[in-house]
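**Student:** Provided herewith: upload_33.txt, compact mmCIF, C-alpha atoms.
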# COMPACT_ATOMS: atom_id res chain seq x y z
CA MET A 1 30.71 17.40 -16.94
CA ILE A 2 28.15 19.18 -14.79
CA ASN A 3 25.93 21.69 -16.55
CA ARG A 4 26.19 24.64 -14.21
CA HIS A 5 22.89 26.07 -15.48
CA LEU A 6 21.11 23.19 -13.73
CA SER A 7 22.67 24.10 -10.39
CA PHE A 8 22.84 27.89 -10.34
CA ALA A 9 20.61 30.79 -11.25
CA ASP A 10 21.81 33.35 -13.81
CA SER A 11 23.76 36.03 -11.90
CA GLY A 12 23.75 38.70 -14.61
CA SER A 13 26.92 40.61 -15.52
CA THR A 14 28.76 39.92 -12.24
CA GLY A 15 29.56 36.30 -13.12
CA HIS A 16 28.84 35.16 -9.53
CA ALA A 17 26.54 32.17 -8.93
CA THR A 18 23.48 32.73 -6.72
CA PRO A 19 22.29 29.67 -4.75
CA LYS A 20 18.68 28.68 -5.21
CA LYS A 21 16.31 29.71 -2.43
CA GLN A 22 15.86 26.90 0.07
CA ILE A 23 12.16 26.32 0.68
CA PRO A 24 11.48 24.62 4.02
CA ALA A 25 9.58 21.37 4.04
CA PRO A 26 6.05 21.63 5.43
CA CYS A 27 5.34 20.11 8.84
CA ARG A 28 4.35 16.48 8.32
CA ILE A 29 3.18 14.88 11.55
CA GLY A 30 3.48 11.15 12.08
CA LEU A 31 1.58 9.28 14.78
CA ALA A 32 3.23 6.18 16.30
CA LEU A 33 0.93 3.99 18.41
CA GLY A 34 2.37 1.47 20.86
CA GLY A 35 0.88 -1.81 22.03
CA GLY A 36 -0.91 -2.72 25.22
CA PHE A 37 -3.68 -5.24 24.45
CA ALA A 38 -6.92 -3.84 26.01
CA ARG A 39 -5.02 -0.69 27.02
CA GLY A 40 -4.87 0.12 23.30
CA ILE A 41 -8.39 1.52 23.70
CA ALA A 42 -6.69 4.62 25.14
CA HIS A 43 -5.50 5.46 21.61
CA ALA A 44 -9.10 6.42 20.78
CA GLY A 45 -8.89 9.19 23.39
CA VAL A 46 -5.67 10.54 21.89
CA LEU A 47 -7.18 10.46 18.40
CA LYS A 48 -10.27 12.29 19.67
CA VAL A 49 -8.21 15.24 20.89
CA LEU A 50 -6.13 15.42 17.70
CA GLU A 51 -9.33 15.33 15.68
CA GLU A 52 -11.03 18.02 17.75
CA ARG A 53 -8.02 20.33 17.42
CA ASN A 54 -7.78 19.69 13.65
CA ILE A 55 -4.22 18.39 13.87
CA PRO A 56 -3.23 17.23 10.36
CA ILE A 57 -1.73 13.74 10.54
CA HIS A 58 0.48 12.87 7.58
CA CYS A 59 1.03 9.19 8.42
CA VAL A 60 0.39 6.66 11.16
CA ALA A 61 2.08 3.45 12.31
CA GLY A 62 1.23 0.92 14.99
CA VAL A 63 2.33 -2.21 16.77
CA SER A 64 0.08 -4.79 18.43
CA ALA A 65 -3.10 -3.10 19.73
CA GLY A 66 -1.78 0.16 18.34
CA SER A 67 -1.83 -1.32 14.84
CA LEU A 68 -5.61 -1.75 15.03
CA ALA A 69 -6.16 1.89 15.97
CA ALA A 70 -3.63 3.01 13.35
CA ALA A 71 -5.27 1.03 10.56
CA ALA A 72 -8.75 2.20 11.52
CA PHE A 73 -7.62 5.84 11.59
CA ALA A 74 -5.73 5.54 8.30
CA SER A 75 -8.77 3.95 6.66
CA GLY A 76 -10.93 6.95 7.52
CA ALA A 77 -12.70 5.87 10.70
CA SER A 78 -13.36 8.74 13.09
CA ALA A 79 -12.14 8.80 16.69
CA ALA A 80 -15.75 8.35 17.83
CA GLU A 81 -16.19 5.27 15.65
CA ILE A 82 -12.93 3.77 16.88
CA ALA A 83 -13.93 4.45 20.48
CA ARG A 84 -17.40 2.93 20.03
CA ILE A 85 -16.20 -0.26 18.37
CA SER A 86 -13.23 -0.65 20.71
CA SER A 87 -15.40 -0.15 23.78
CA ALA A 88 -17.73 -2.94 22.67
CA MET A 89 -14.86 -5.32 21.89
CA ARG A 90 -14.25 -8.39 24.01
CA PHE A 91 -11.49 -10.98 23.92
CA ARG A 92 -13.78 -13.53 22.23
CA ASP A 93 -14.28 -11.13 19.31
CA VAL A 94 -10.68 -11.57 18.15
CA ALA A 95 -9.65 -14.92 19.61
CA LYS A 96 -10.83 -18.52 19.66
CA TRP A 97 -9.50 -21.00 22.19
CA THR A 98 -7.95 -23.98 20.45
CA LEU A 99 -5.39 -26.72 20.96
CA SER A 100 -2.03 -25.97 19.39
CA ARG A 101 1.60 -26.44 20.30
CA MET A 102 2.34 -22.81 19.34
CA GLY A 103 -0.40 -20.91 21.15
CA LEU A 104 -3.59 -21.20 23.10
CA VAL A 105 -5.82 -19.19 20.77
CA GLY A 106 -6.14 -18.50 17.06
CA SER A 107 -6.76 -15.02 15.65
CA GLU A 108 -8.98 -15.94 12.69
CA ARG A 109 -11.96 -14.27 14.38
CA MET A 110 -10.14 -10.96 14.10
CA VAL A 111 -11.06 -10.91 10.40
CA VAL A 112 -14.74 -10.42 11.26
CA PHE A 113 -13.88 -7.74 13.84
CA LEU A 114 -11.78 -5.84 11.30
CA ARG A 115 -14.73 -5.69 8.91
CA LYS A 116 -16.52 -3.59 11.54
CA LEU A 117 -13.49 -1.45 12.40
CA LEU A 118 -11.90 -0.62 9.04
CA LYS A 119 -13.21 1.30 6.05
CA SER A 120 -10.45 0.12 3.70
CA PHE A 121 -8.54 -3.14 3.65
CA ARG A 122 -5.50 -2.47 1.49
CA PHE A 123 -2.51 -0.22 2.19
CA GLU A 124 -2.83 1.59 -1.13
CA ASP A 125 -6.47 2.47 -0.39
CA MET A 126 -5.77 4.13 2.96
CA ARG A 127 -6.51 7.82 3.44
CA ILE A 128 -2.96 8.43 4.72
CA PRO A 129 0.21 6.28 4.68
CA LEU A 130 0.05 3.38 7.14
CA GLY A 131 2.77 1.18 8.67
CA ILE A 132 2.12 -2.05 10.60
CA VAL A 133 4.91 -3.80 12.50
CA ALA A 134 5.17 -7.52 13.30
CA THR A 135 8.17 -9.55 14.49
CA ASP A 136 9.90 -12.37 12.62
CA LEU A 137 9.94 -15.26 15.10
CA GLU A 138 13.14 -16.73 13.64
CA THR A 139 15.31 -13.62 13.33
CA GLY A 140 13.71 -11.48 16.02
CA GLU A 141 13.75 -8.54 13.61
CA PRO A 142 10.81 -6.20 13.00
CA VAL A 143 8.82 -6.76 9.81
CA VAL A 144 7.25 -3.53 8.54
CA PHE A 145 4.24 -3.75 6.24
CA ARG A 146 3.47 -0.63 4.20
CA GLY A 147 2.73 0.65 0.73
CA ARG A 148 0.77 -2.12 -0.96
CA GLY A 149 -1.17 -5.26 -0.10
CA GLU A 150 -3.97 -6.26 2.22
CA VAL A 151 -3.82 -5.32 5.87
CA THR A 152 -5.67 -8.18 7.56
CA MET A 153 -2.77 -10.61 7.81
CA PRO A 154 -0.28 -7.95 9.02
CA LEU A 155 -2.76 -6.84 11.69
CA ARG A 156 -3.30 -10.39 12.92
CA ALA A 157 0.46 -10.89 13.01
CA SER A 158 1.16 -7.63 14.82
CA CYS A 159 -1.34 -8.60 17.54
CA SER A 160 -0.14 -12.20 17.99
CA TYR A 161 0.90 -12.01 21.63
CA PRO A 162 3.43 -14.86 22.14
CA GLY A 163 2.31 -17.74 24.29
CA LEU A 164 -1.32 -16.73 23.93
CA PHE A 165 -1.94 -16.26 20.21
CA GLN A 166 -0.58 -18.64 17.62
CA PRO A 167 2.01 -17.09 15.27
CA VAL A 168 0.75 -15.99 11.85
CA ARG A 169 2.38 -17.44 8.77
CA ASP A 170 3.57 -15.13 5.98
CA GLY A 171 5.14 -17.32 3.32
CA ALA A 172 8.11 -19.01 4.96
CA ARG A 173 8.04 -16.67 7.94
CA LEU A 174 6.25 -17.03 11.25
CA LEU A 175 5.24 -13.66 12.66
CA VAL A 176 4.37 -12.61 16.20
CA ASP A 177 3.53 -9.43 18.10
CA GLY A 178 5.25 -6.33 16.72
CA ALA A 179 5.93 -5.03 20.22
CA MET A 180 8.51 -7.79 20.69
CA SER A 181 10.89 -5.97 18.35
CA MET A 182 9.60 -2.38 18.34
CA ALA A 183 7.77 -0.97 21.35
CA VAL A 184 6.61 2.19 19.57
CA PRO A 185 7.05 2.57 15.77
CA ALA A 186 8.40 6.11 15.74
CA ARG A 187 11.09 5.28 13.17
CA VAL A 188 8.48 3.80 10.86
CA CYS A 189 6.75 7.18 10.82
CA ARG A 190 10.06 8.78 9.87
CA ALA A 191 10.36 6.32 7.00
CA LEU A 192 6.83 7.23 5.90
CA GLY A 193 7.88 10.88 5.57
CA ALA A 194 7.11 12.45 8.95
CA THR A 195 9.12 15.52 9.96
CA HIS A 196 7.64 15.42 13.48
CA VAL A 197 6.55 12.31 15.37
CA ILE A 198 3.99 11.96 18.15
CA SER A 199 4.56 8.67 19.98
CA VAL A 200 1.88 7.18 22.21
CA ASN A 201 3.29 4.83 24.84
CA LEU A 202 0.95 2.72 26.95
CA PRO A 203 2.53 1.70 30.29
CA SER A 204 1.57 -1.72 31.62
CA GLN A 205 1.03 -3.03 35.11
CA GLY A 206 4.10 -3.57 37.23
CA TRP A 207 5.18 -7.03 38.35
CA LYS A 208 3.37 -8.62 41.29
CA SER A 209 4.29 -12.18 42.12
CA ALA A 210 1.22 -12.74 44.30
CA GLY A 211 -1.45 -14.46 42.20
CA ALA A 212 0.68 -14.34 39.04
CA ASN A 213 -0.16 -16.63 36.13
CA VAL A 214 1.40 -17.43 32.77
CA PHE A 215 0.00 -14.26 31.18
CA ASN A 216 1.54 -12.10 33.91
CA VAL A 217 4.87 -13.80 33.33
CA VAL A 218 4.77 -13.26 29.55
CA ASN A 219 3.66 -9.67 30.03
CA ARG A 220 6.56 -9.04 32.40
CA CYS A 221 8.93 -10.49 29.80
CA PHE A 222 7.53 -7.96 27.33
CA GLN A 223 8.30 -5.16 29.77
CA ILE A 224 11.88 -6.34 30.22
CA VAL A 225 12.49 -6.62 26.47
CA GLN A 226 10.93 -3.26 25.71
CA SER A 227 12.91 -1.51 28.44
CA ARG A 228 16.05 -2.32 26.44
CA VAL A 229 14.83 -0.57 23.31
CA VAL A 230 13.22 2.54 24.81
CA PRO A 231 16.06 4.95 23.86
CA ASP A 232 15.71 3.99 20.19
CA TRP A 233 12.07 4.98 19.76
CA ARG A 234 12.30 7.96 22.10
CA GLU A 235 15.16 9.41 20.07
CA ALA A 236 12.94 9.25 16.99
CA SER A 237 10.03 10.95 18.79
CA ASP A 238 9.40 14.67 19.15
CA VAL A 239 6.57 14.29 21.68
CA VAL A 240 5.70 11.26 23.80
CA ILE A 241 2.12 10.94 25.06
CA THR A 242 1.75 8.53 27.97
CA PRO A 243 -1.84 7.88 29.07
CA GLU A 244 -2.09 6.73 32.67
CA VAL A 245 -3.34 3.20 31.99
CA GLY A 246 -0.82 1.22 34.02
CA SER A 247 -3.48 0.22 36.52
CA PHE A 248 -5.54 -1.61 33.88
CA GLY A 249 -4.99 -5.28 33.13
CA TRP A 250 -4.23 -6.76 29.71
CA SER A 251 -7.87 -7.87 29.37
CA GLY A 252 -9.53 -4.84 30.97
CA PHE A 253 -11.97 -4.16 28.14
CA SER A 254 -14.75 -3.33 30.59
CA LYS A 255 -12.80 -0.20 31.64
CA ALA A 256 -12.89 1.25 28.13
CA GLU A 257 -14.36 4.62 29.11
CA ASP A 258 -11.70 5.16 31.75
CA MET A 259 -8.91 4.32 29.30
CA ILE A 260 -10.32 6.60 26.60
CA ARG A 261 -10.49 9.40 29.16
CA ALA A 262 -6.85 8.75 30.11
CA GLY A 263 -5.89 9.06 26.45
CA GLU A 264 -7.71 12.39 26.18
CA GLN A 265 -6.09 13.79 29.31
CA ALA A 266 -2.58 12.83 28.18
CA ALA A 267 -3.12 14.25 24.69
CA HIS A 268 -4.33 17.59 26.05
CA LYS A 269 -1.01 18.00 27.87
CA ALA A 270 0.90 17.74 24.57
CA ILE A 271 -1.45 19.62 22.26
CA GLY A 272 0.18 23.02 22.81
CA THR A 273 3.57 21.76 21.62
CA ILE A 274 2.01 20.09 18.58
CA GLU A 275 0.14 23.23 17.58
CA ASP A 276 3.38 25.21 17.94
CA TRP A 277 4.98 22.95 15.29
CA ILE A 278 2.22 23.78 12.84
CA SER A 279 2.34 27.51 13.57
CA ALA A 280 6.13 27.65 13.24
CA SER A 281 6.04 25.72 9.98
CA SER A 282 3.37 28.03 8.58
CA ARG A 283 5.35 31.16 9.53
CA GLU A 284 8.54 29.79 7.98
CA TRP A 285 6.72 28.81 4.82
CA LYS A 286 5.25 32.30 4.40
CA ARG A 287 8.61 33.94 5.16
CA THR A 288 10.45 32.05 2.43
CA ALA A 289 7.66 31.83 -0.15
Show me the file's structure as structure tokens.

**Tutor:**
Amino acid sequence: MINRHLSFADSGSTGHATPKKQIPAPCRIGLALGGGFARGIAHAGVLKVLEERNIPIHCVAGVSAGSLAAAAFASGASAAEIARISSAMRFRDVAKWTLSRMGLVGSERMVVFLRKLLKSFRFEDMRIPLGIVATDLETGEPVVFRGRGEVTMPLRASCSYPGLFQPVRDGARLLVDGAMSMAVPARVCRALGATHVISVNLPSQGWKSAGANVFNVVNRCFQIVQSRVVPDWREASDVVITPEVGSFGWSGFSKAEDMIRAGEQAAHKAIGTIEDWISASSREWKRTA
């Protein structure tokens, strides 16, 4: 039997039940950062604008290069710190050429790089909730790391670009780049409690057969796979920020300043909508309080 006193307020002598006042949930903004190898430096520009405009971020999730920016931000690194460290980064800082049947480079060096980039190294110690996405090589399904545990292995796995980086082992699983199964982790932000999601999508270079090499081929395969899953992450996004970085190559670290500027410019175009969410939520909260 249901105790009606738990469900309804006392209505006095009329005998009619009065529903409890519905208090709206506060605006909780999630930030979903897509992959793009060196183009991931553009995320620092987006973060800079959000930081300057005091946009409160409730949670953040990332795939591939986006996972590095997401983890740094969640750990408490400022946009300026992320930009400085990312701008100085080179391929050799995270990869070591080696002979293996499963990849041309290992990602063990990334551990040293992460010590410079992150301020915390466990999910439970992050300033805000963090989600990192990798892909199970056997099933092809996304593997979402969140909540508890260390972040180094998930970050290495999320950035393990197939054909270039060796897969990362997690128990019985072999994990590769998160962008293979989830181009932008908007739905992960929803799972972390976001009511509104800002997705940052980094377009890559188009296909050019002239002078193409194995990396161009793999990159084009990424584009084809991700084009099939675009509706899924866009449906879970409230705003999509798209920095104009399509002209930069996968290893274009030397163009860091240009990519950061592209991130800033794209974020400025969306900032009005984002601030409207916060204002509307505040007005609704005061109205019903």

**Student:** (-0.9, -1.4, 33.6) in this file's frame - what residues fall within 6 Å of it? Use only C-alpha atoms and give the answer as a list in words.

**Tutor:**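 Residues with an atom at most 6 Å from (-0.9, -1.4, 33.6): Pro203, Ser204, Gln205, Val245, Gly246, Ser247, Phe248 and Gly249 of chain A.
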
**Student:** For atom CA of A:Val60 and atom CA of A:Glu244, determine how far apart the two atoms are, in Å to one decimal place.

**Tutor:**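 Value for the atom CA of A:Val60-atom CA of A:Glu244 distance: 21.7 Å.
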
**Student:** Nearest to A:Pro167: which of A:Val63, A:Leu117, A:Met89, A:Leu155 is it, counting all atoms listed in the file?

**Tutor:**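 Ranking A:Val63, A:Leu117, A:Met89, A:Leu155 by distance to A:Pro167, first place goes to A:Leu155.
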
**Student:** Expressed in Å to a single decimal, how great is the separation between atom CA of A:Val112 and atom CA of A:Val188?

**Tutor:**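 Computing it gives 27.2 Å between the two atoms.
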
**Student:** At what distance in Å, to one decimal, does atom CA of A:Ser237 lie from atom CA of A:Ala157?

**Tutor:**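 Here the two named atoms are 24.5 Å from each other.
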
**Student:** Write out N, CA and C atoms for stretch 134-147 of chain A, as a CSV table (one decimal), keeping the file's coordinate frame.

**Tutor:**
chain,number,residue,atom,x,y,z
A,134,ALA,N,5.2,-6.2,12.7
A,134,ALA,CA,5.2,-7.5,13.3
A,134,ALA,C,6.6,-7.9,13.6
A,135,THR,N,6.8,-9.1,14.2
A,135,THR,CA,8.2,-9.6,14.5
A,135,THR,C,8.4,-10.9,13.9
A,136,ASP,N,9.5,-11.1,13.2
A,136,ASP,CA,9.9,-12.4,12.6
A,136,ASP,C,10.4,-13.3,13.8
A,137,LEU,N,9.7,-14.4,14.0
A,137,LEU,CA,9.9,-15.3,15.1
A,137,LEU,C,11.3,-15.9,15.0
A,138,GLU,N,11.8,-16.1,13.8
A,138,GLU,CA,13.1,-16.7,13.6
A,138,GLU,C,14.3,-15.7,13.9
A,139,THR,N,14.2,-14.6,13.2
A,139,THR,CA,15.3,-13.6,13.3
A,139,THR,C,15.2,-12.6,14.5
A,140,GLY,N,13.9,-12.5,15.0
A,140,GLY,CA,13.7,-11.5,16.0
A,140,GLY,C,13.7,-10.0,15.5
A,141,GLU,N,13.7,-9.9,14.2
A,141,GLU,CA,13.8,-8.5,13.6
A,141,GLU,C,12.3,-8.1,13.3
A,142,PRO,N,12.1,-6.7,13.4
A,142,PRO,CA,10.8,-6.2,13.0
A,142,PRO,C,10.5,-6.4,11.5
A,143,VAL,N,9.3,-6.7,11.2
A,143,VAL,CA,8.8,-6.8,9.8
A,143,VAL,C,7.8,-5.6,9.6
A,144,VAL,N,8.1,-4.7,8.7
A,144,VAL,CA,7.2,-3.5,8.5
A,144,VAL,C,6.4,-3.7,7.3
A,145,PHE,N,5.1,-3.7,7.4
A,145,PHE,CA,4.2,-3.8,6.2
A,145,PHE,C,3.8,-2.3,5.9
A,146,ARG,N,3.8,-2.0,4.6
A,146,ARG,CA,3.5,-0.6,4.2
A,146,ARG,C,3.3,-0.6,2.7
A,147,GLY,N,2.7,0.4,2.2
A,147,GLY,CA,2.7,0.6,0.7
A,147,GLY,C,1.6,0.0,0.0
